[in-house]
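Source file: final.txt; contents: compact mmCIF, C-alpha atoms.
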# COMPACT_ATOMS: atom_id res chain seq x y z
CA MET A 4 9.93 -25.66 -32.42
CA ALA A 5 7.89 -26.88 -35.36
CA ASP A 6 8.59 -30.37 -36.70
CA GLN A 7 8.78 -29.13 -40.28
CA LYS A 8 11.64 -26.82 -39.39
CA LYS A 9 13.40 -29.41 -37.28
CA LYS A 10 13.70 -31.79 -40.23
CA ASN A 11 15.77 -29.28 -42.19
CA LEU A 12 18.42 -29.04 -39.50
CA THR A 13 21.53 -31.16 -39.32
CA PRO A 14 21.92 -33.47 -36.31
CA VAL A 15 24.52 -31.15 -34.83
CA GLN A 16 22.15 -28.21 -35.05
CA GLN A 17 19.37 -30.22 -33.45
CA GLU A 18 21.68 -31.14 -30.64
CA TYR A 19 22.60 -27.53 -30.15
CA HIS A 20 18.94 -26.55 -30.06
CA SER A 21 18.12 -28.99 -27.32
CA LEU A 22 21.21 -27.86 -25.40
CA ALA A 23 20.27 -24.20 -25.74
CA LYS A 24 16.75 -24.93 -24.68
CA LYS A 25 17.99 -26.56 -21.52
CA HIS A 26 19.96 -23.46 -20.53
CA GLU A 27 17.41 -20.91 -21.62
CA ILE A 28 15.96 -18.99 -18.68
CA GLN A 29 12.32 -19.89 -18.22
CA ARG A 30 9.89 -17.02 -18.42
CA PRO A 31 8.22 -16.81 -15.00
CA VAL A 32 4.69 -16.61 -16.40
CA MET A 33 2.92 -17.34 -13.16
CA LYS A 34 4.95 -14.80 -11.21
CA ASN A 35 4.41 -12.17 -13.90
CA CYS A 36 0.69 -12.84 -13.84
CA ILE A 37 0.52 -12.42 -10.09
CA LYS A 38 2.56 -9.21 -10.24
CA ALA A 39 0.34 -7.83 -13.00
CA PHE A 40 -2.76 -8.84 -11.07
CA LEU A 41 -1.63 -7.14 -7.89
CA VAL A 42 -0.34 -3.92 -9.43
CA GLY A 43 -3.27 -3.67 -11.84
CA GLY A 44 -5.62 -4.26 -8.94
CA PHE A 45 -3.86 -1.58 -6.95
CA ILE A 46 -4.30 0.92 -9.78
CA CYS A 47 -8.00 0.07 -9.91
CA PHE A 48 -8.12 0.46 -6.13
CA ILE A 49 -6.76 4.00 -6.49
CA GLY A 50 -9.35 4.62 -9.20
CA GLN A 51 -12.09 3.39 -6.90
CA PHE A 52 -10.77 5.64 -4.18
CA VAL A 53 -10.88 8.65 -6.49
CA GLN A 54 -14.42 7.74 -7.55
CA THR A 55 -15.58 7.46 -3.95
CA PHE A 56 -13.96 10.81 -3.28
CA TYR A 57 -15.95 12.43 -6.10
CA VAL A 58 -19.18 10.81 -4.93
CA HIS A 59 -18.71 11.96 -1.35
CA PHE A 60 -17.49 15.51 -1.83
CA PHE A 61 -18.91 16.61 -5.18
CA GLU A 62 -22.30 16.51 -6.84
CA PHE A 63 -21.73 13.30 -8.75
CA ASN A 64 -23.62 10.05 -8.47
CA GLU A 65 -21.92 6.72 -9.10
CA ARG A 66 -22.57 6.78 -12.81
CA THR A 67 -21.52 10.36 -13.51
CA ALA A 68 -18.47 10.11 -11.24
CA GLY A 69 -16.86 7.82 -13.83
CA ASN A 70 -15.84 10.65 -16.15
CA PRO A 71 -13.89 12.83 -13.70
CA THR A 72 -12.35 9.68 -12.24
CA VAL A 73 -10.95 8.59 -15.59
CA ALA A 74 -9.73 12.12 -16.24
CA THR A 75 -7.93 12.19 -12.89
CA MET A 76 -6.33 8.80 -13.44
CA ILE A 77 -5.13 9.85 -16.89
CA PHE A 78 -3.75 13.08 -15.48
CA ILE A 79 -1.82 11.22 -12.78
CA ALA A 80 -0.49 8.69 -15.29
CA VAL A 81 0.70 11.39 -17.68
CA LEU A 82 2.38 13.24 -14.83
CA LEU A 83 4.15 10.07 -13.69
CA THR A 84 5.20 9.32 -17.27
CA GLY A 85 6.73 12.77 -17.55
CA PHE A 86 8.68 12.28 -14.34
CA GLY A 87 9.82 8.86 -15.53
CA VAL A 88 8.23 6.99 -12.64
CA TYR A 89 5.63 5.14 -14.65
CA ASP A 90 8.28 3.27 -16.65
CA ARG A 91 9.76 1.89 -13.45
CA ILE A 92 6.40 0.63 -12.30
CA ALA A 93 5.69 -0.81 -15.73
CA GLN A 94 9.06 -2.57 -15.73
CA PHE A 95 7.98 -4.41 -12.60
CA ALA A 96 4.32 -5.02 -13.30
CA GLY A 97 4.11 -5.48 -17.07
CA ALA A 98 0.52 -5.91 -18.22
CA GLY A 99 -0.75 -4.71 -14.86
CA THR A 100 0.10 -1.15 -15.85
CA ALA A 101 -0.65 -1.52 -19.55
CA VAL A 102 -4.23 -2.76 -19.43
CA PRO A 103 -5.93 -0.05 -17.31
CA VAL A 104 -6.64 3.34 -18.83
CA THR A 105 -3.41 4.64 -17.27
CA GLY A 106 -1.40 2.43 -19.66
CA PHE A 107 -3.13 4.06 -22.59
CA ALA A 108 -2.31 7.50 -21.23
CA ASN A 109 1.28 6.40 -20.72
CA SER A 110 1.63 5.16 -24.31
CA VAL A 111 0.34 8.45 -25.70
CA ALA A 112 2.41 10.66 -23.40
CA SER A 113 5.66 8.71 -23.76
CA ALA A 114 5.40 8.70 -27.57
CA ALA A 115 4.77 12.45 -27.50
CA ILE A 116 7.79 13.05 -25.28
CA GLU A 117 10.01 10.80 -27.35
CA HIS A 118 9.32 12.55 -30.66
CA ARG A 119 9.34 16.10 -29.37
CA THR A 120 12.70 16.81 -31.00
CA GLU A 121 11.20 16.21 -34.45
CA GLY A 122 8.92 19.23 -34.11
CA TYR A 123 5.43 19.74 -32.85
CA VAL A 124 3.42 18.95 -35.98
CA LEU A 125 5.21 16.08 -37.65
CA GLY A 126 7.00 14.91 -34.52
CA VAL A 127 4.56 15.07 -31.65
CA GLY A 128 1.36 15.22 -33.70
CA GLY A 129 2.38 12.49 -36.10
CA ASN A 130 3.83 10.06 -33.60
CA MET A 131 1.59 10.57 -30.61
CA PHE A 132 -0.74 7.72 -31.55
CA LYS A 133 1.95 5.37 -32.80
CA LEU A 134 1.32 2.96 -29.94
CA ALA A 135 -2.16 4.02 -28.95
CA GLY A 136 -3.43 4.05 -32.54
CA SER A 137 -3.75 0.28 -32.69
CA VAL A 138 -5.78 0.32 -29.50
CA ILE A 139 -8.16 2.86 -30.98
CA VAL A 140 -8.47 1.04 -34.31
CA PHE A 141 -9.11 -2.39 -32.83
CA GLY A 142 -11.20 -0.97 -30.02
CA THR A 143 -13.61 0.78 -32.35
CA PHE A 144 -13.63 -2.21 -34.69
CA ALA A 145 -14.40 -4.62 -31.85
CA ALA A 146 -17.12 -2.29 -30.59
CA PHE A 147 -18.58 -2.17 -34.09
CA VAL A 148 -18.63 -5.96 -34.44
CA ILE A 149 -20.15 -6.47 -31.01
CA ALA A 150 -22.78 -3.81 -31.72
CA ILE A 151 -23.75 -5.69 -34.89
CA ILE A 152 -23.94 -8.99 -33.00
CA LYS A 153 -26.07 -7.41 -30.30
CA THR A 154 -28.36 -5.81 -32.83
CA LEU A 155 -28.84 -9.14 -34.58
CA ILE A 156 -29.54 -11.01 -31.33
CA VAL A 157 -31.93 -8.39 -30.00
CA GLY A 158 -33.64 -7.89 -33.37
CA TRP A 159 -34.10 -11.54 -34.31
CA GLY A 160 -33.81 -13.45 -31.09
CA GLY A 161 -35.99 -11.04 -29.16
CA LEU A 162 -33.80 -11.25 -26.08
CA MET B 16 17.49 -20.34 -0.73
CA LYS B 17 16.13 -19.43 -4.12
CA MET B 18 13.72 -22.33 -4.00
CA LYS B 19 12.39 -21.15 -0.69
CA LYS B 20 11.61 -17.71 -2.04
CA ASN B 21 9.62 -19.27 -4.86
CA VAL B 22 7.39 -21.02 -2.36
CA ILE B 23 6.93 -18.08 -0.02
CA PHE B 24 5.60 -15.65 -2.60
CA PRO B 25 2.58 -17.68 -3.78
CA MET B 26 1.89 -18.73 -0.22
CA LEU B 27 1.72 -15.10 0.84
CA ILE B 28 -0.73 -14.32 -1.94
CA LEU B 29 -2.87 -17.31 -1.00
CA VAL B 30 -2.97 -16.31 2.65
CA LEU B 31 -3.87 -12.75 1.71
CA LEU B 32 -6.69 -13.90 -0.55
CA ILE B 33 -8.16 -16.28 1.98
CA SER B 34 -8.01 -13.89 4.92
CA ALA B 35 -9.46 -11.05 2.86
CA CYS B 36 -12.41 -13.22 1.92
CA ASN B 37 -13.04 -14.06 5.55
CA ILE B 38 -12.97 -10.46 6.70
CA GLY B 39 -15.20 -9.15 3.93
CA GLY B 40 -17.48 -12.16 3.75
CA GLN B 41 -19.87 -11.48 6.56
CA ALA B 42 -21.78 -8.30 5.95
CA GLU B 43 -23.93 -7.48 8.92
CA GLU B 44 -27.42 -6.11 8.45
CA VAL B 45 -27.81 -2.60 9.79
CA LYS B 46 -31.06 -1.66 11.48
CA PRO B 47 -32.85 1.12 9.59
CA LEU B 48 -33.81 4.39 11.20
CA PHE B 49 -37.54 4.46 11.90
CA ILE B 50 -38.67 8.05 11.85
CA GLY B 51 -42.39 7.89 12.65
CA ALA B 52 -45.37 10.08 11.87
CA ASN B 53 -44.95 13.35 13.76
CA LYS B 54 -42.26 15.03 11.65
CA VAL B 55 -42.42 17.54 8.77
CA PHE B 56 -43.69 14.79 6.49
CA ASP B 57 -45.37 11.63 7.76
CA GLN B 58 -42.65 9.00 7.36
CA THR B 59 -44.61 5.85 8.21
CA LYS B 60 -44.70 4.71 4.58
CA ALA B 61 -40.96 5.03 4.23
CA ASP B 62 -40.47 3.19 7.52
CA GLU B 63 -42.60 0.29 6.37
CA ALA B 64 -40.91 0.24 2.96
CA LYS B 65 -37.51 0.12 4.65
CA GLN B 66 -38.57 -2.89 6.67
CA LEU B 67 -39.85 -4.60 3.52
CA VAL B 68 -36.68 -3.98 1.53
CA LEU B 69 -34.39 -5.00 4.36
CA SER B 70 -36.15 -8.36 4.55
CA MET B 71 -34.57 -9.15 1.17
CA GLU B 72 -31.58 -11.40 1.54
CA GLU B 73 -29.21 -9.35 -0.63
CA VAL B 74 -29.78 -6.04 1.12
CA VAL B 75 -27.65 -5.13 4.13
CA GLU B 76 -28.60 -1.52 4.74
CA VAL B 77 -31.42 0.69 3.64
CA LYS B 78 -32.23 4.39 3.79
CA GLY B 79 -35.45 6.01 2.77
CA VAL B 80 -37.72 9.01 2.91
CA ASN B 81 -41.19 9.69 1.67
CA LYS B 82 -42.99 12.84 0.67
CA GLU B 83 -46.69 12.02 0.71
CA GLU B 84 -47.11 9.47 -2.09
CA ASN B 85 -43.51 9.52 -3.27
CA ILE B 86 -41.28 6.95 -1.62
CA TYR B 87 -37.51 7.18 -2.11
CA ILE B 88 -35.45 4.17 -1.07
CA ALA B 89 -31.71 3.56 -1.39
CA THR B 90 -30.09 0.24 -0.55
CA LYS B 91 -26.65 -1.10 0.13
CA VAL B 92 -26.22 -4.53 -1.42
CA LYS B 93 -23.96 -7.40 -0.38
CA GLN B 94 -20.68 -7.59 -2.28
CA PHE B 95 -21.33 -10.56 -4.54
CA ASP B 96 -24.97 -9.70 -5.15
CA ARG B 97 -23.89 -6.41 -6.71
CA PHE B 98 -23.74 -8.34 -9.98
CA PHE B 99 -27.54 -8.50 -9.94
CA LEU B 100 -28.31 -4.89 -9.08
CA ASP B 101 -30.94 -4.59 -11.80
CA ARG B 102 -32.91 -7.56 -10.53
CA ILE B 103 -32.62 -6.44 -6.89
CA ARG B 104 -33.85 -2.94 -7.72
CA LYS B 105 -36.84 -4.36 -9.56
CA GLU B 106 -37.66 -6.82 -6.79
CA ALA B 107 -37.56 -4.10 -4.14
CA GLN B 108 -39.72 -1.84 -6.29
CA ASP B 109 -42.30 -4.59 -6.78
CA LYS B 110 -42.33 -5.38 -3.09
CA ILE B 111 -43.06 -1.79 -2.07
CA LYS B 112 -45.51 -1.31 -4.91
CA LYS B 113 -47.46 -4.35 -3.71
CA ARG B 114 -47.75 -2.86 -0.23
CA PHE B 115 -48.53 0.68 -1.41
CA PRO B 116 -50.20 0.32 -4.81
CA GLU B 117 -51.01 4.03 -5.16
CA ALA B 118 -47.49 5.30 -4.28
CA ASN B 119 -44.73 6.41 -6.60
CA VAL B 120 -41.80 4.21 -5.66
CA HIS B 121 -38.20 5.17 -6.46
CA VAL B 122 -35.56 2.60 -5.64
CA SER B 123 -31.86 3.19 -6.16
CA THR B 124 -28.64 1.34 -5.35
CA ASP B 125 -26.46 4.36 -6.04
CA LYS B 126 -23.95 5.38 -3.41
CA LYS B 127 -24.65 9.08 -3.78
CA VAL B 128 -28.38 8.64 -3.38
CA PHE B 129 -27.71 6.51 -0.33
CA LEU B 130 -25.52 9.18 1.25
CA GLU B 131 -27.94 12.00 0.52
CA LEU B 132 -30.92 10.04 1.83
CA GLU B 133 -28.99 9.22 4.97
CA LYS B 134 -28.32 12.90 5.55
CA LEU B 135 -31.94 13.87 4.88
CA GLU B 136 -33.25 11.06 7.07
CA ARG B 137 -31.15 12.22 9.98
CA ASN B 138 -32.20 15.82 9.50
CA ILE B 139 -35.89 14.91 9.44
CA TYR B 140 -35.49 12.68 12.48
CA GLN B 141 -33.86 15.46 14.50
CA ASN B 142 -36.33 18.10 13.26
CA ARG B 143 -33.53 20.22 11.88
CA ILE B 144 -35.10 20.86 8.51
CA ASN B 145 -38.22 22.62 7.26
CA LYS B 146 -40.67 21.66 4.55
CA GLU B 147 -39.11 23.64 1.72
CA SER B 148 -35.63 22.30 2.32
CA VAL B 149 -36.94 18.74 2.38
CA GLU B 150 -38.63 19.32 -0.95
CA LYS B 151 -35.47 20.83 -2.35
CA GLN B 152 -33.34 17.95 -1.11
CA ILE B 153 -35.77 15.40 -2.51
CA LYS B 154 -35.67 17.12 -5.87
CA LYS B 155 -31.90 16.88 -5.81
CA ILE B 156 -32.01 13.20 -4.87
CA GLU B 157 -34.45 12.53 -7.68
CA ASP B 158 -31.96 14.10 -10.09
CA PHE B 159 -29.22 11.83 -8.79
CA MET B 160 -31.46 8.80 -9.29
CA THR B 161 -32.15 9.56 -12.93
CA GLY B 162 -28.92 11.22 -14.05

Could you spell out this file's structure in C-alpha cells?
Amino acid sequence: MADQKKKNLTPVQQEYHSLAKKHEIQRPVMKNCIKAFLVGGFICFIGQFVQTFYVHFFEFNERTAGNPTVATMIFIAVLLTGFGVYDRIAQFAGAGTAVPVTGFANSVASAAIEHRTEGYVLGVGGNMFKLAGSVIVFGTFAAFVIAIIKTLIVGWGGL
Amino acid sequence: MKMKKNVIFPMLILVLLISACNIGGQAEEVKPLFIGANKVFDQTKADEAKQLVLSMEEVVEVKGVNKEENIYIATKVKQFDRFFLDRIRKEAQDKIKKRFPEANVHVSTDKKVFLELEKLERNIYQNRINKESVEKQIKKIEDFMTG
C-alpha cells in the first residue's frame, strides 16, 4: 500500500487495512513457481521426445525436426483444449502451461471455441486472436527491436 | 500436519534435483569402432580422425567414415558442453585438418548424422554394403549436415 494513499484514510480505515492484511491468504509464490517449473519442464520433455522420434524414424536432422515437433505439440494442445483437459492442467500449473508453445495454441483454440456462437466470421475469426494477439504484437515488436540492436552492434562494434 | 507438508514438498524436489545430477553427471567415453583398411573404402583416415576427436575432453562418443579424401565425423558431446557446440565443432575440424591437410573434413554434432554414420560404419565393418550404396549413404549424410 502506497504511503500517499494511506495518508488519506481515516485511522479506522487504516486499522481495518492492517487487520485485513493479516487475514489475507498469502499467495504461495514459491510453490507456484515450482509447479510451473515441473509441469513446463514436463511439456518440454514431451516435446523433446517427439523431436527424438522424428529424428530417429523420419528423414529429419535435429534442426529440421523442430518444425514437425512444434506442429505436433500444437496439435496435441488444441485437441486437449477441445476436450477440456488443458484447462485442468493449466489450473494446476499456471505459467508452466502458458509459456510453452502449447499455451499459445490453447489461447487461440479456447477463444475460437468460446466465440463460436457468434458466427464464424465475426465470432471465431474476429475473436480468435483476442488473447494471442498481444503475444504476436509484442513478439514481433521485441524481435524488431532486438534485430536493430544486433545490427547496430555487428555493424559498428564489429563483433 | 499442514506445516509438515510444506516441508516435504521442497525437500522432495531438492532430492530429485540432486540425485538426477549425480546419475547424469558422469558420461562415460565410448570406444570408437576402428574399421581398418581392407573394406570397400580404406577407413584408416576416419579411424585416426576418430581417435583425435575423442581425445577432446568434451566429446564422449564419436562415429565417422571416410570416402577417399572426404572425412565425415559426428560426435556426441557432454551435456553441459552442448552450450559450446560451435566451438567444439571448429576445434575438432581444426584438429583433423592439421593431421590431414589435404582432406575435406566434415564435422557435425547432429543426432541424425550421428545415427546415420553409426549405421553406415557398422555396415562397412561387416562388409554388408557395396560401393554404390556407401556413396549414396554418404550423399544423404552430407545433406543432413548442411540442411

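Applying a distance limit of 6 Å to only C-alpha atoms, the residues of chain B near chain A read Asp125, Lys127 and Phe159 of chain B.
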
Minimum-distance residue to Met160 of chain B, chosen among B:His121, B:Lys46, B:Lys93, B:Arg114 (using all atoms listed in the file) =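 The closest residue to Met160 of chain B is B:His121.
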
Contacts of Val75 of chain B at 12 Å (only C-alpha atoms; same-chain gap of 4+ positions) as a ChimeraX atom specification | /B:41-47,65-66,68-71,89-94,96-97,124

Min atom-atom distance to Lys134 of chain B from the set B:Lys113, B:Lys78, B:Lys154, B:Lys54, counting all atoms listed in the file, belongs to B:Lys78

Atom CA of Gln54 of chain A to atom CA of Thr72 of chain A, straight-line distance in Å =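 Those two atoms sit 5.5 Å apart.
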